[in-house]
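For reference, structure-v7.txt (compact mmCIF, C-alpha atoms):
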```txt
# COMPACT_ATOMS: atom_id res chain seq x y z
CA PRO A 1 5.91 27.35 37.50
CA LYS A 2 5.11 23.69 37.95
CA SER A 3 6.03 21.68 34.88
CA PRO A 4 3.20 19.75 33.16
CA GLU A 5 2.77 16.11 34.04
CA LYS A 6 4.10 13.68 31.46
CA PRO A 7 1.76 11.00 30.10
CA THR A 8 2.42 7.40 31.02
CA PRO A 9 0.87 5.35 28.21
CA SER A 10 0.12 1.67 28.70
CA ARG A 11 2.05 -0.93 26.74
CA GLN A 12 -1.31 -2.34 25.65
CA SER A 13 -2.86 0.77 24.15
CA SER A 14 -2.01 3.71 21.91
CA LYS A 15 -4.22 6.01 24.01
CA PHE A 16 -2.61 8.51 26.34
CA SER A 17 -3.43 11.60 28.36
CA LEU A 18 -2.29 15.15 27.84
CA LYS A 19 -1.93 18.10 30.15
CA SER A 20 -2.14 21.66 28.85
CA SER A 21 -0.50 24.76 30.28
CA SER A 22 -2.26 28.11 29.93
CA SER A 23 -0.92 30.15 32.84
CA SER A 24 0.89 33.43 32.21
CA SER A 25 3.87 34.62 34.21
CA SER A 26 3.98 38.17 35.57
CA LEU A 27 6.90 40.40 36.42
CA SER A 28 6.97 42.55 39.55
CA SER A 29 8.94 45.71 40.12
CA SER A 30 11.14 46.25 43.14
CA SER A 31 11.52 49.51 45.09
CA SER A 32 14.78 51.37 45.62
CA SER A 33 15.70 53.68 48.48
CA LYS A 34 17.41 56.14 46.14
CA SER A 35 14.81 56.75 43.46
CA PRO A 36 11.65 54.81 42.77
CA PRO A 37 11.74 53.25 39.29
CA PRO A 38 8.83 53.69 36.91
CA LYS A 39 6.17 50.99 37.00
CA ALA A 40 6.81 48.26 34.48
CA VAL A 41 4.13 46.08 32.96
CA SER A 42 5.06 42.92 31.09
CA PRO A 43 3.51 42.68 27.64
CA PRO A 44 1.31 39.60 27.10
CA ALA A 45 3.54 38.44 24.27
CA ALA A 46 6.53 38.15 26.60
CA ALA A 47 4.56 35.95 29.00
CA ALA A 48 3.41 33.76 26.12
CA LYS A 49 7.00 33.12 25.16
CA ASP A 50 7.82 31.85 28.65
CA GLU A 51 4.93 29.39 28.80
CA PRO A 52 3.21 28.63 25.45
CA GLU A 53 -0.43 27.74 25.60
CA GLY A 54 -1.77 24.43 24.34
CA PRO A 55 -1.09 20.73 24.86
CA GLN A 56 2.45 19.70 25.62
CA ILE A 57 4.05 17.36 23.09
CA LEU A 58 6.47 14.67 24.16
CA PRO A 59 9.94 14.64 22.59
CA PRO A 60 10.43 11.81 20.05
CA GLY A 61 11.75 8.66 21.66
CA GLU A 62 10.50 9.47 25.16
CA SER A 63 7.36 7.32 25.05
CA ILE A 64 7.31 4.33 22.73
CA ILE A 65 4.63 1.65 22.91
CA ASP A 66 4.02 -1.70 21.23
CA VAL A 67 0.50 -2.04 19.83
CA PRO A 68 -0.92 -5.57 20.25
CA VAL A 69 -1.76 -7.40 17.04
CA GLU A 70 -5.21 -8.96 16.71
CA ALA A 71 -5.52 -12.36 15.04
CA TYR A 72 -8.14 -12.63 12.30
CA GLN A 73 -10.03 -15.62 10.93
CA GLY A 74 -12.07 -16.24 7.83
CA THR A 75 -15.22 -18.33 7.60
CA VAL A 76 -14.15 -20.46 4.63
CA TYR A 77 -11.61 -23.22 5.27
CA PRO A 78 -10.11 -25.97 3.13
CA ALA A 79 -12.39 -29.01 2.98
CA VAL A 80 -10.95 -31.88 4.98
CA SER A 81 -12.10 -34.73 2.73
CA PHE A 82 -11.16 -33.09 -0.54
CA ASN A 83 -11.22 -34.92 -3.87
CA PRO A 84 -10.85 -32.58 -6.85
CA GLU A 85 -11.84 -35.29 -9.35
CA GLU A 86 -15.13 -35.95 -7.56
CA ASP A 87 -15.84 -32.22 -7.32
CA ALA A 88 -15.09 -31.77 -11.02
CA ALA A 89 -17.48 -34.60 -11.86
CA THR A 90 -20.20 -33.10 -9.66
CA LEU A 91 -19.86 -29.74 -11.38
CA ARG A 92 -19.86 -31.36 -14.81
CA LYS A 93 -23.08 -33.17 -13.98
CA ALA A 94 -24.66 -29.97 -12.62
CA MET A 95 -23.99 -28.12 -15.90
CA LYS A 96 -24.68 -30.96 -18.36
CA GLY A 97 -27.80 -30.79 -20.46
CA LEU A 98 -30.44 -28.10 -20.36
CA GLY A 99 -30.18 -25.62 -17.53
CA CYS A 100 -27.82 -25.66 -14.58
CA ASP A 101 -28.22 -27.07 -11.09
CA ASP A 102 -27.10 -23.94 -9.21
CA LYS A 103 -27.67 -25.60 -5.86
CA ALA A 104 -25.19 -28.38 -6.68
CA VAL A 105 -22.62 -25.81 -7.84
CA VAL A 106 -23.00 -23.85 -4.60
CA ALA A 107 -22.73 -27.03 -2.53
CA VAL A 108 -19.25 -27.61 -3.95
CA LEU A 109 -17.67 -24.19 -4.45
CA ALA A 110 -18.93 -22.48 -1.29
CA PHE A 111 -17.26 -25.12 0.88
CA ARG A 112 -13.83 -25.17 -0.75
CA SER A 113 -10.88 -22.82 -0.27
CA THR A 114 -9.49 -20.69 -3.07
CA ALA A 115 -6.56 -23.08 -3.50
CA GLN A 116 -8.90 -26.08 -3.70
CA ARG A 117 -11.05 -24.37 -6.32
CA GLN A 118 -7.93 -23.90 -8.43
CA GLU A 119 -7.24 -27.65 -8.16
CA ILE A 120 -10.82 -28.44 -9.20
CA SER A 121 -10.48 -26.13 -12.19
CA LYS A 122 -7.26 -27.81 -13.28
CA CYS A 123 -8.77 -31.27 -12.90
CA PHE A 124 -11.89 -30.22 -14.84
CA GLN A 125 -9.76 -29.04 -17.76
CA GLU A 126 -7.71 -32.24 -17.81
CA LYS A 127 -10.73 -34.53 -17.55
CA TYR A 128 -13.24 -32.78 -19.82
CA GLY A 129 -11.07 -30.56 -22.01
CA LYS A 130 -12.95 -27.42 -21.03
CA LYS A 131 -12.18 -24.45 -18.84
CA LEU A 132 -14.31 -24.59 -15.68
CA ARG A 133 -14.51 -20.81 -15.33
CA LYS A 134 -15.83 -20.44 -18.85
CA GLU A 135 -18.38 -23.19 -18.32
CA LEU A 136 -19.63 -21.68 -15.08
CA ASP A 137 -19.82 -18.24 -16.67
CA SER A 138 -22.02 -19.54 -19.48
CA GLU A 139 -24.27 -21.76 -17.33
CA LEU A 140 -24.89 -19.56 -14.30
CA GLY A 141 -26.76 -16.28 -14.22
CA GLY A 142 -27.43 -13.21 -12.11
CA ASP A 143 -25.89 -12.69 -8.70
CA VAL A 144 -24.86 -16.33 -8.32
CA LYS A 145 -22.82 -16.01 -11.50
CA ASN A 146 -21.11 -12.82 -10.29
CA ALA A 147 -20.28 -14.30 -6.90
CA VAL A 148 -18.94 -17.57 -8.36
CA LYS A 149 -16.82 -15.61 -10.84
CA GLY A 150 -15.06 -13.96 -7.90
CA LEU A 151 -14.74 -17.24 -5.99
CA MET A 152 -12.99 -18.93 -8.91
CA MET A 153 -10.24 -16.30 -8.92
CA GLU A 154 -7.25 -16.21 -6.63
CA ARG A 155 -7.51 -13.42 -4.09
CA LEU A 156 -4.92 -11.08 -5.63
CA GLU A 157 -6.29 -11.85 -9.07
CA TYR A 158 -9.74 -10.83 -7.84
CA ASP A 159 -8.41 -7.55 -6.42
CA ALA A 160 -6.67 -6.77 -9.71
CA TYR A 161 -9.88 -7.61 -11.56
CA LEU A 162 -11.93 -5.30 -9.34
CA LEU A 163 -9.53 -2.42 -9.99
CA TYR A 164 -9.62 -3.15 -13.71
CA ILE A 165 -13.43 -3.07 -13.95
CA ALA A 166 -13.51 0.02 -11.72
CA MET A 167 -11.54 1.91 -14.37
CA LYS A 168 -12.85 0.17 -17.50
CA GLY A 169 -14.87 2.20 -19.99
CA LEU A 170 -16.19 5.69 -19.37
CA GLY A 171 -15.80 6.99 -15.86
CA THR A 172 -14.18 5.45 -12.79
CA ASN A 173 -15.70 3.81 -9.74
CA GLU A 174 -13.72 5.76 -7.17
CA ALA A 175 -15.36 3.88 -4.27
CA ILE A 176 -13.94 0.51 -5.38
CA VAL A 177 -10.51 2.02 -6.00
CA SER A 178 -10.49 3.62 -2.54
CA GLU A 179 -11.80 0.48 -0.80
CA ILE A 180 -9.06 -1.76 -2.16
CA LEU A 181 -6.15 0.65 -1.88
CA ALA A 182 -7.05 1.67 1.68
CA SER A 183 -7.60 -1.84 3.05
CA ARG A 184 -4.75 -3.88 1.57
CA SER A 185 -1.22 -4.24 2.98
CA ASN A 186 1.95 -3.07 1.23
CA ASP A 187 2.80 -6.64 0.28
CA ALA A 188 -0.67 -7.27 -1.12
CA LEU A 189 -0.66 -4.01 -3.10
CA GLN A 190 2.71 -4.80 -4.65
CA LYS A 191 1.44 -8.23 -5.73
CA ILE A 192 -1.81 -6.73 -7.03
CA ARG A 193 0.20 -4.36 -9.20
CA GLN A 194 2.17 -7.29 -10.57
CA ARG A 195 -0.97 -9.32 -11.23
CA PHE A 196 -2.65 -6.34 -12.87
CA SER A 197 0.29 -6.04 -15.25
CA GLU A 198 0.26 -9.77 -16.05
CA ASP A 199 -3.50 -10.03 -16.62
CA TYR A 200 -4.23 -6.75 -18.40
CA LYS A 201 -0.84 -5.79 -19.86
CA LYS A 202 -1.08 -2.39 -18.25
CA ASP A 203 0.70 -0.63 -15.41
CA LEU A 204 -1.68 -0.02 -12.49
CA LEU A 205 -0.09 3.31 -11.52
CA GLN A 206 -0.33 4.59 -15.08
CA GLU A 207 -3.97 3.51 -15.30
CA LEU A 208 -4.78 5.28 -12.04
CA LYS A 209 -3.00 8.38 -13.28
CA SER A 210 -4.97 8.43 -16.53
CA GLU A 211 -8.34 7.65 -14.93
CA THR A 212 -8.24 10.03 -11.94
CA SER A 213 -7.39 13.67 -11.36
CA GLY A 214 -6.64 16.35 -8.80
CA ASP A 215 -5.87 15.62 -5.17
CA PHE A 216 -7.81 12.36 -5.33
CA GLN A 217 -5.30 11.22 -7.94
CA LYS A 218 -2.40 12.22 -5.68
CA LEU A 219 -3.83 10.18 -2.82
CA VAL A 220 -4.56 6.98 -4.76
CA LEU A 221 -1.14 7.07 -6.43
CA ARG A 222 0.50 7.35 -3.01
CA LEU A 223 -1.60 4.46 -1.69
CA ALA A 224 -0.97 2.26 -4.73
CA ALA A 225 2.79 2.88 -4.49
CA ALA A 226 2.66 0.69 -1.34
CA GLU A 227 5.21 2.73 0.60
CA ARG A 228 3.33 3.00 3.89
CA GLU A 229 5.47 2.65 7.02
CA GLU A 230 5.06 -0.72 8.72
CA GLY A 231 5.41 -2.16 12.21
CA ASN A 232 3.44 -2.10 15.46
CA THR A 233 5.72 0.19 17.47
CA VAL A 234 4.39 3.70 18.00
CA ASP A 235 6.26 6.78 19.20
CA ILE A 236 3.68 8.88 21.05
CA GLY A 237 5.71 12.07 20.68
CA ILE A 238 5.75 11.74 16.90
CA ALA A 239 2.04 10.88 16.88
CA GLN A 240 1.32 14.06 18.87
CA ALA A 241 3.45 16.11 16.48
CA ASP A 242 1.53 14.65 13.51
CA ALA A 243 -1.77 15.53 15.19
CA GLN A 244 -0.56 19.11 15.65
CA THR A 245 0.56 19.28 11.99
CA LEU A 246 -2.87 18.09 10.83
CA TYR A 247 -4.57 20.62 13.11
CA ASN A 248 -2.41 23.51 11.93
CA ALA A 249 -3.12 22.62 8.29
CA GLY A 250 -6.87 22.42 8.86
CA GLU A 251 -8.88 23.54 11.87
CA GLY A 252 -6.06 25.53 13.46
CA ARG A 253 -4.92 27.36 10.37
CA GLN A 254 -3.90 31.00 10.91
CA GLY A 255 -4.42 33.89 8.55
CA THR A 256 -3.15 37.48 8.36
CA ASP A 257 -5.23 40.63 8.63
CA GLU A 258 -4.29 42.64 5.53
CA ALA A 259 -5.00 45.95 7.28
CA THR A 260 -2.88 45.40 10.37
CA GLY A 261 -0.50 42.66 9.28
CA GLN A 262 -1.33 40.79 12.49
CA ALA A 263 -2.13 37.10 12.71
CA CYS A 264 -5.82 36.27 12.92
CA GLY A 265 -7.77 33.05 13.01
CA PRO A 266 -7.99 30.18 13.42
CA PHE A 267 -11.22 30.22 11.42
CA VAL A 268 -9.98 31.68 8.16
CA PRO A 269 -10.36 30.27 4.64
CA ALA A 270 -8.05 27.30 4.23
CA ASN A 271 -5.24 27.02 1.76
CA LYS A 272 -6.75 23.87 0.30
CA LYS A 273 -3.62 22.94 -1.58
CA GLU A 274 -1.50 22.88 1.56
CA LEU A 275 -4.26 21.27 3.64
CA HIS A 276 -4.78 18.45 1.14
CA ALA A 277 -1.04 17.90 0.75
CA THR A 278 -0.59 17.58 4.52
CA PHE A 279 -3.54 15.22 4.96
CA ILE A 280 -2.44 13.06 2.01
CA ASP A 281 1.17 12.89 3.20
CA ILE A 282 0.46 11.76 6.76
CA LEU A 283 -2.49 9.48 6.00
CA SER A 284 -0.73 7.67 3.13
CA ARG A 285 2.71 7.43 4.77
CA ARG A 286 2.20 6.52 8.42
CA SER A 287 1.47 2.97 9.60
CA TYR A 288 -2.06 2.20 10.74
CA PRO A 289 -1.05 1.62 14.40
CA HIS A 290 0.69 5.03 14.30
CA LEU A 291 -2.37 6.68 12.74
CA ARG A 292 -4.58 5.30 15.50
CA ALA A 293 -2.28 7.03 17.99
CA VAL A 294 -2.47 10.23 15.90
CA PHE A 295 -6.28 10.16 15.98
CA ASP A 296 -6.23 9.55 19.76
CA ALA A 297 -3.86 12.48 20.19
CA TYR A 298 -5.98 14.73 17.99
CA LYS A 299 -9.09 13.93 20.04
CA GLN A 300 -7.33 14.67 23.34
CA MET A 301 -5.45 17.73 22.14
CA TYR A 302 -8.24 19.41 20.17
CA GLY A 303 -11.44 17.63 21.25
CA LYS A 304 -12.52 16.37 17.84
CA ASP A 305 -12.86 13.02 16.11
CA PHE A 306 -10.50 13.15 13.14
CA LEU A 307 -13.02 11.44 10.85
CA LYS A 308 -15.31 14.43 11.38
CA VAL A 309 -12.39 16.73 10.61
CA VAL A 310 -11.90 14.98 7.26
CA GLY A 311 -15.62 15.44 6.60
CA SER A 312 -15.53 19.16 7.32
CA GLU A 313 -12.18 20.04 5.76
CA THR A 314 -12.34 18.04 2.49
CA SER A 315 -14.97 17.18 -0.10
CA GLY A 316 -15.81 14.95 -3.05
CA ASP A 317 -13.77 11.88 -3.96
CA LEU A 318 -10.84 13.01 -1.82
CA LYS A 319 -13.11 13.16 1.24
CA MET A 320 -14.49 9.69 0.48
CA SER A 321 -11.04 8.17 -0.01
CA LEU A 322 -9.45 9.84 3.03
CA ALA A 323 -12.40 8.64 5.12
CA ALA A 324 -11.76 5.08 3.90
CA VAL A 325 -8.13 5.36 5.03
CA VAL A 326 -9.15 6.72 8.44
CA ARG A 327 -11.77 3.99 8.94
CA CYS A 328 -9.36 1.23 7.90
CA ALA A 329 -6.67 2.60 10.20
CA GLN A 330 -9.12 2.71 13.10
CA ASP A 331 -10.67 -0.72 12.52
CA THR A 332 -10.57 -2.45 9.12
CA GLN A 333 -13.15 -5.06 10.13
CA ALA A 334 -15.60 -2.39 11.33
CA TYR A 335 -15.04 -0.61 8.00
CA PHE A 336 -16.16 -3.71 6.08
CA ALA A 337 -19.05 -4.30 8.49
CA LYS A 338 -20.28 -0.80 7.67
CA LEU A 339 -19.93 -1.45 3.94
CA LEU A 340 -22.00 -4.62 4.28
CA HIS A 341 -24.66 -2.72 6.22
CA LYS A 342 -24.64 -0.01 3.56
CA SER A 343 -25.17 -2.63 0.85
CA MET A 344 -28.39 -3.90 2.49
CA LYS A 345 -29.94 -1.00 4.38
CA GLY A 346 -33.08 0.66 3.09
CA LEU A 347 -34.93 -0.38 -0.03
CA GLY A 348 -33.07 -2.61 -2.47
CA THR A 349 -29.67 -4.25 -2.22
CA ASN A 350 -26.32 -3.20 -3.63
CA ASP A 351 -25.41 -6.73 -4.70
CA ASP A 352 -22.09 -5.74 -6.29
CA LEU A 353 -20.89 -4.31 -2.96
CA LEU A 354 -22.30 -7.22 -0.95
CA ILE A 355 -20.65 -9.82 -3.19
CA ARG A 356 -17.35 -7.94 -3.36
CA VAL A 357 -16.93 -7.74 0.42
CA VAL A 358 -18.08 -11.28 1.22
CA VAL A 359 -16.03 -12.93 -1.53
CA SER A 360 -12.86 -10.91 -0.92
CA ARG A 361 -12.89 -11.30 2.89
CA CYS A 362 -14.36 -14.78 3.46
CA GLU A 363 -10.93 -16.40 3.92
CA THR A 364 -9.38 -13.43 5.72
CA ASP A 365 -11.39 -11.87 8.55
CA THR A 366 -15.13 -12.49 8.23
CA VAL A 367 -15.28 -13.89 11.78
CA GLN A 368 -14.31 -10.45 13.12
CA ILE A 369 -16.43 -8.61 10.52
CA LYS A 370 -19.49 -10.54 11.73
CA GLN A 371 -18.65 -9.62 15.33
CA ARG A 372 -18.26 -5.94 14.47
CA PHE A 373 -21.55 -6.00 12.55
CA GLN A 374 -23.39 -7.38 15.58
CA GLU A 375 -21.79 -4.78 17.86
CA LEU A 376 -22.57 -1.88 15.53
CA TYR A 377 -26.14 -2.73 14.54
CA GLY A 378 -27.46 -5.06 17.23
CA LYS A 379 -28.37 -7.70 14.65
CA SER A 380 -26.44 -10.47 13.00
CA LEU A 381 -25.02 -10.14 9.52
CA ALA A 382 -26.78 -13.40 8.63
CA SER A 383 -30.18 -11.91 9.49
CA PHE A 384 -29.55 -9.05 7.06
CA VAL A 385 -28.45 -11.44 4.30
CA GLU A 386 -31.50 -13.64 4.85
CA GLY A 387 -33.79 -10.64 4.62
CA ASP A 388 -32.22 -9.11 1.52
CA THR A 389 -31.39 -12.12 -0.66
CA SER A 390 -33.10 -15.30 -1.79
CA GLY A 391 -32.66 -18.70 -3.43
CA ASN A 392 -29.25 -20.08 -4.27
CA TYR A 393 -27.73 -16.62 -4.03
CA LYS A 394 -28.73 -16.47 -0.38
CA ARG A 395 -27.57 -20.05 0.12
CA LEU A 396 -24.16 -19.18 -1.33
CA LEU A 397 -23.60 -16.06 0.78
CA LEU A 398 -24.68 -17.74 4.02
CA ALA A 399 -22.37 -20.68 3.29
CA LEU A 400 -19.44 -18.31 2.73
CA LEU A 401 -20.26 -16.66 6.07
CA ALA A 402 -20.43 -20.09 7.78
CA GLU A 403 -24.11 -19.61 8.61
CA LYS A 404 -25.47 -22.67 6.80
```
In structure tokens, write the structure found in this file.
Amino acid sequence: PKSPEKPTPSRQSSKFSLKSSSSSSSLSSSSSSKSPPPKAVSPPAAAAKDEPEGPQILPPGESIIDVPVEAYQGTVYPAVSFNPEEDAATLRKAMKGLGCDDKAVVAVLAFRSTAQRQEISKCFQEKYGKKLRKELDSELGGDVKNAVKGLMMERLEYDAYLLYIAMKGLGTNEAIVSEILASRSNDALQKIRQRFSEDYKKDLLQELKSETSGDFQKLVLRLAAAEREEGNTVDIGIAQADAQTLYNAGEGRQGTDEATGQACGPFVPANKKELHATFIDILSRRSYPHLRAVFDAYKQMYGKDFLKVVGSETSGDLKMSLAAVVRCAQDTQAYFAKLLHKSMKGLGTNDDLLIRVVVSRCETDTVQIKQRFQELYGKSLASFVEGDTSGNYKRLLLALLAEK
């Protein structure tokens, strides 16, 4: 039989095409002049062994591609004409006496980089003998206060703080834990763990272990360990094999008929323990470029979006956290655009989520997040912020997004 065509992936994309073989071979009998042999019929199983059905998987090393790396830009940059002493004096004046001039505070802090804010804080302490963070915390109020509190922290310090408050007191905010662990790099996660230990005198992994449980715990511990494979080179054969492993653990699982002892399926009750272990292993271990190739392979081999598979095969906090990993692997900036939309859609505003995303990403990739938002929802992120916020809070967010 004709061998299946081999895919020829582009060097610029992790997408590829697959051919499947489903033909069955047949055996024919020959006649003899001496005595005619009995008719022979090949059993279906024998034909299946010759040519297995299903998509053909490339051998490892046969098709390796380099995934292009996108450059990202934030919307907050270091001020060009920067004078920390003047900024410290402006902030002192804004907070002196009764009340606080929030507008003056925003006009300074929203237009300075994280590093520059640290310089202002140091200068403020030296000049006035007071800690700037403490002064701002006591003078400001509401959402402006919460946003400025995040702005005055270094980025890794802020991430460690978010994880700390997510696990502080009764209960755990699993959404915050998943958001941070799924979207940060190995290097960032290692530094967050170190900062968490320095600031709160606790080990992050131990805290996660004590505050979570079940398969969700297994996933977040794997993510926090920061042992994900890195690099932008993808082996398509391995990606296809991973897609098949995920399928076999979930949608393609096979069962056994107790009466006949024969295989049956694929739609039989899942062994959730094995399914979860397989999903957690691949999604926490493989690099994000590799996972994108896995999801492409899954779609072409089995005709389903893997995010929908996660939704149908898992539940609860594990489902939510695995979905965060899948979304971040597919497009981290689109993931944050969707979180921002979620924070403002419908009645009311989830200000904690809105502040967390804007403050944590404004020096990293908000240019691309704004682009994704426009593409996904047909409206600008700024228009949503203007419609859902007001006053100096709105002024602060728009400044951080480079809209005012």
For stretch 243-248 of chain A, work out the shell of residues within 9 Å, counting all atoms listed in the file and skipping chain neighbours fewer than 2 positions away, then give it as an MDAnalysis selection string.
-> chainID A and resid 57 238:241 250:254 266 275 278:279 282 293:299 301:302
Sorted per-residue table, stretch 372-398 of chain A near stretch 67-91 of chain A, closest atoms and distance, 12 Å, all atoms listed in the file, as a tab-separated table:
```
residue	atom	partner	partner_atom	distance
A:Leu396	CA	A:Val76	CA	11.7
A:Leu397	CA	A:Thr75	CA	11.0
A:Leu398	CA	A:Thr75	CA	10.1
```
Saved selection, atoms kept: C-alpha atoms, as a PDB file, in the coordinates of the input:
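What ended up in again-v4.pdb:
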```pdb
ATOM      1  CA  LEU A 396     -24.160 -19.180  -1.330  1.00  0.00           C
ATOM      2  CA  LEU A 397     -23.600 -16.060   0.780  1.00  0.00           C
ATOM      3  CA  LEU A 398     -24.680 -17.740   4.020  1.00  0.00           C
TER       4      LEU A 398
END
```
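Distance annotation: of A:Phe124, A:Phe373, A:Phe111, A:Phe384, the residue with the minimal separation from A:Leu151 is A:Phe111; atom set is all atoms listed in the file.
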For each of A:Asn350, A:Thr233, A:Gln374, A:Ser343, take the minimum atom-to-atom distance to A:Gly61, counting only C-alpha atoms, then give the residue where this is smallest.
-> A:Thr233
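For the pair atom CA of A:Ile120 and atom CA of A:Leu136, the interatomic distance is 12.6 Å.
Comparing A:Thr389, A:Ser380, A:Ala337, A:Lys103 by their smallest distance to A:Glu403, the closest is A:Ser380 (using all atoms listed in the file).
Compared by their closest atoms to A:Glu174, and using only C-alpha atoms, the residues A:Thr332, A:Gln118, A:Gln56, A:Gln217 rank with A:Gln217 nearest.
The environment of A:Gly169 within 12 Å, counting all atoms listed in the file and disregarding residues fewer than 5 places along the same chain, consists of Tyr164, Glu207 and Glu211 of chain A.
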I need the chosen residues saved as a JSON list (two decimals), in the frame of the given file, with C-alpha atoms.
```json
[["chain", "number", "residue", "atom", "x", "y", "z"],
["A", 164, "TYR", "CA", -9.62, -3.15, -13.71],
["A", 207, "GLU", "CA", -3.97, 3.51, -15.30],
["A", 211, "GLU", "CA", -8.34, 7.65, -14.93]]
```
Of the residues A:Pro60, A:Arg155, A:Asn392, A:Gly348, which is the one nearest to A:Asp101, using only C-alpha atoms?
->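 Selected residue with least distance to A:Asp101: A:Asn392.
Residue nearest A:Ala402, chosen from A:Arg112, A:Pro289, A:Gln125, A:Tyr335 and counting only C-alpha atoms: A:Arg112.
Atom pair atom CA of A:Lys202 / atom CA of A:Val220: separated by 16.8 Å.
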Atom-to-atom span, atom CA of A:Ala94 and atom CA of A:Ser383, Å |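 Computing the Euclidean distance for atom CA of A:Ala94 and atom CA of A:Ser383 yields 29.1 Å.
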Would you kindly return, as a PDB file with C-alpha atoms, in the frame of the given file, each protein, DNA or RNA residue with an atom no farther than 9 Å from any atom of stretch 310-312 of chain A, considering all atoms listed in the file and excluding same-chain residues fewer than 2 positions away?
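What follows is the written file part-v4.pdb:
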```pdb
ATOM      1  CA  PHE A 279      -3.540  15.220   4.960  1.00  0.00           C
ATOM      2  CA  PHE A 306     -10.500  13.150  13.140  1.00  0.00           C
ATOM      3  CA  LEU A 307     -13.020  11.440  10.850  1.00  0.00           C
ATOM      4  CA  LYS A 308     -15.310  14.430  11.380  1.00  0.00           C
ATOM      5  CA  THR A 314     -12.340  18.040   2.490  1.00  0.00           C
ATOM      6  CA  SER A 315     -14.970  17.180  -0.100  1.00  0.00           C
ATOM      7  CA  LYS A 319     -13.110  13.160   1.240  1.00  0.00           C
ATOM      8  CA  MET A 320     -14.490   9.690   0.480  1.00  0.00           C
ATOM      9  CA  LEU A 322      -9.450   9.840   3.030  1.00  0.00           C
ATOM     10  CA  ALA A 323     -12.400   8.640   5.120  1.00  0.00           C
ATOM     11  CA  VAL A 326      -9.150   6.720   8.440  1.00  0.00           C
TER      12      VAL A 326
END
```
